[in-house]
Amino acid sequence: MSKHKDSSEHRGSKRKKPKSDGACEVTKGRVRAHFLDGETGPWAKKLAAGPSAEETSAAAPAPDEQTALPSHRLGPDYSAPSSIDIVADPVLHAISTRRSISKLDPETPNDSDLRELIHAVSSVADHKGLKPWRFIIIRGDDRIRLGAALDEAGGVHRKSGEINEKPLRAELLLALVAAPQDNPKVPEWEQHATAAGAGHLLELALWQAGWGVMWRSGNLTNEPAVRRLHRLKGQELLMGWLYIGAVPERYRQRMANSTRPLPDPEQFLDTL
């Protein structure tokens with residue numbers, strides 16, 4: 001969520017000719033070397049072969065020379081065919097096939113696996129790099145403690161020997177905590193969005209690694225008893241728990257034969 005200055009700011013009526021010091025060629029050379037295997041998207045290939053940003057900027061018409069925008073809205077232009085192959089790309093395929101699995105088998109990733117996956121998702125968009133999020137591992141009897149805290153928060157009184165079995169629906173729970181930092185340039189809501197992004201990226205990473213996940217929360221998530229159990233500080237916000245486990249074979253078979261389509265993307269896309 002970092003903010004960038006517009007690289008196309010008007011710098012006066014006189015335009016300098018592109019420098020011939022080879023800097024642009026060095027950049028393009030690095031891109032060519034990095035994407036030499038040809039397995040990347042067309043954007044990378046165009047970057048490797050196309051003109052530099054400086055050359056493009058110099059060739060662009062001045063603001064007063066640009067064609068005026070139409071007074072009416074046209075909407076997105078879908079006339080050009082897409083070069084994206086969701087099935088062939090493993091990341092896009094994982095994103096498009098992800099499902100929340102409510103009933104999980106007992107096998108779980110170990111703590112070392114979790115560490116590596118969280119290391120990967122720390123690339124989440126993060127304005128000022130504040131890392132305003134953390135995870136808490138909940139296994140074994142700690143799940144019973146969570147159930148007791150939820151009962152206390154909800155005013156539930158059980159008979160002797162009875163427990164709240166909801167946290168037992170998976171052998172591993174990961175609590176996601178948004179931990180906003182004091183920064184005048186990054187409002188709290190933006191840091192909450194970063195934390196939620198880290199949670200969703202971790203869901204996708206777990207899914208790609210072969211694990212099932214269900215993100216659960218509820219009205220009692222940030223009640224005092226539950227907050228105390230998770231040792232939350234003043235501004236911290238508990239954003240729920242990722243229930244993690246192995247995907248049952250019946251779910252795998254169901255997903256393999258599923259014909260449920262993804263929603264029409266046009267409802268999420270528009271222009272000014």
# chains A, B, ... in the order shown; residues from 1 in each chain; ligands from 1
$ closest_atom_pairs --of "range 115-168 of chain A" --to "range 176-196 of chain A" --cutoff "9 Å" --atoms "only C-alpha atoms" --output "CSV"
residue,atom,partner,partner_atom,distance
A:Val124,CA,A:Thr194,CA,7.0
A:Ala125,CA,A:Thr194,CA,6.5
A:Asp126,CA,A:Thr194,CA,5.9
A:His127,CA,A:Val186,CA,6.8
A:Lys128,CA,A:Val186,CA,7.6
A:Leu130,CA,A:Gln181,CA,6.8
A:Lys131,CA,A:Thr194,CA,8.0
A:Pro132,CA,A:Ala179,CA,4.6
A:Trp133,CA,A:Ala178,CA,4.5
A:Arg134,CA,A:Val177,CA,5.3
A:Phe135,CA,A:Leu176,CA,4.8
A:Ile136,CA,A:Leu176,CA,6.8
$ write_last_selection --atoms "C-alpha atoms" --output "short mmCIF file (atom, residue, chain, number, x, y, z; two decimals), in the first residue's frame"
data_model
loop_
_atom_site.label_atom_id
_atom_site.label_comp_id
_atom_site.auth_asym_id
_atom_site.auth_seq_id
_atom_site.Cartn_x
_atom_site.Cartn_y
_atom_site.Cartn_z
CA VAL A 124 2.10 -8.44 1.42
CA ALA A 125 1.49 -4.82 0.35
CA ASP A 126 2.50 -2.82 3.40
CA HIS A 127 2.68 0.99 3.41
CA LYS A 128 5.92 2.07 5.15
CA LEU A 130 5.27 -1.53 9.32
CA LYS A 131 4.41 -5.27 9.38
CA PRO A 132 1.29 -4.56 11.49
CA TRP A 133 0.27 -8.19 11.96
CA ARG A 134 1.23 -11.40 13.76
CA PHE A 135 -0.01 -14.97 14.14
CA ILE A 136 -0.51 -17.07 17.29
#
$ closest_atom_pairs --of "range 200-237 of chain A" --to "range 119-123 of chain A" --cutoff "9 Å" --atoms "only C-alpha atoms" --output "Markdown table"
| residue | atom | partner | partner_atom | distance |
| --- | --- | --- | --- | --- |
| A:Leu201 | CA | A:Val121 | CA | 5.8 |
| A:Leu202 | CA | A:Val121 | CA | 6.1 |
| A:Ala205 | CA | A:Val121 | CA | 7.6 |
$ write_last_selection --atoms "N, CA, C and O atoms" --output "PDB file, in the first residue's frame"
ATOM      1  N   LEU A 201      -3.224 -14.126   2.095  1.00  0.00           N
ATOM      2  CA  LEU A 201      -2.072 -14.703   1.404  1.00  0.00           C
ATOM      3  C   LEU A 201      -1.641 -16.016   2.058  1.00  0.00           C
ATOM      4  O   LEU A 201      -1.264 -16.971   1.372  1.00  0.00           O
ATOM      5  N   LEU A 202      -1.703 -16.065   3.391  1.00  0.00           N
ATOM      6  CA  LEU A 202      -1.342 -17.300   4.074  1.00  0.00           C
ATOM      7  C   LEU A 202      -2.335 -18.414   3.747  1.00  0.00           C
ATOM      8  O   LEU A 202      -1.946 -19.577   3.574  1.00  0.00           O
ATOM      9  N   ALA A 205      -1.246 -19.628   0.412  1.00  0.00           N
ATOM     10  CA  ALA A 205       0.012 -20.373   0.506  1.00  0.00           C
ATOM     11  C   ALA A 205      -0.222 -21.767   1.084  1.00  0.00           C
ATOM     12  O   ALA A 205       0.347 -22.756   0.604  1.00  0.00           O
TER      13      ALA A 205
END
$ select_by_dssp --residues "range 37-229 of chain A" --states "strand (DSSP E or B)" --output "MDAnalysis selection string"
chainID A and resid 100 105 133:139 172:178 211:216
$ closest_atom_pairs --of "range 60-150 of chain A" --to "range 214-235 of chain A" --cutoff "10 Å" --atoms "only C-alpha atoms" --output "Markdown table"
| residue | atom | partner | partner_atom | distance |
| --- | --- | --- | --- | --- |
| A:Arg99 | CA | A:Met214 | CA | 8.4 |
| A:Ser100 | CA | A:Met214 | CA | 4.9 |
| A:Ile101 | CA | A:Met214 | CA | 5.5 |
| A:Ser102 | CA | A:Met214 | CA | 5.9 |
| A:Lys103 | CA | A:Met214 | CA | 8.6 |
| A:Leu104 | CA | A:Met214 | CA | 9.0 |
| A:Ile136 | CA | A:His230 | CA | 7.8 |
| A:Ile138 | CA | A:His230 | CA | 9.9 |
| A:Asp142 | CA | A:Leu229 | CA | 9.6 |
| A:Arg145 | CA | A:Leu229 | CA | 7.9 |
| A:Leu146 | CA | A:Leu229 | CA | 7.2 |
| A:Gly147 | CA | A:Val226 | CA | 9.3 |
| A:Ala148 | CA | A:Val226 | CA | 9.0 |
| A:Ala149 | CA | A:Val226 | CA | 5.3 |
| A:Leu150 | CA | A:Val226 | CA | 6.3 |
$ closest_residue --among "A:Leu262, A:Pro106, A:Asp151, A:Asp111" --to "Arg169 in chain A" --atoms "only C-alpha atoms"
A:Pro106
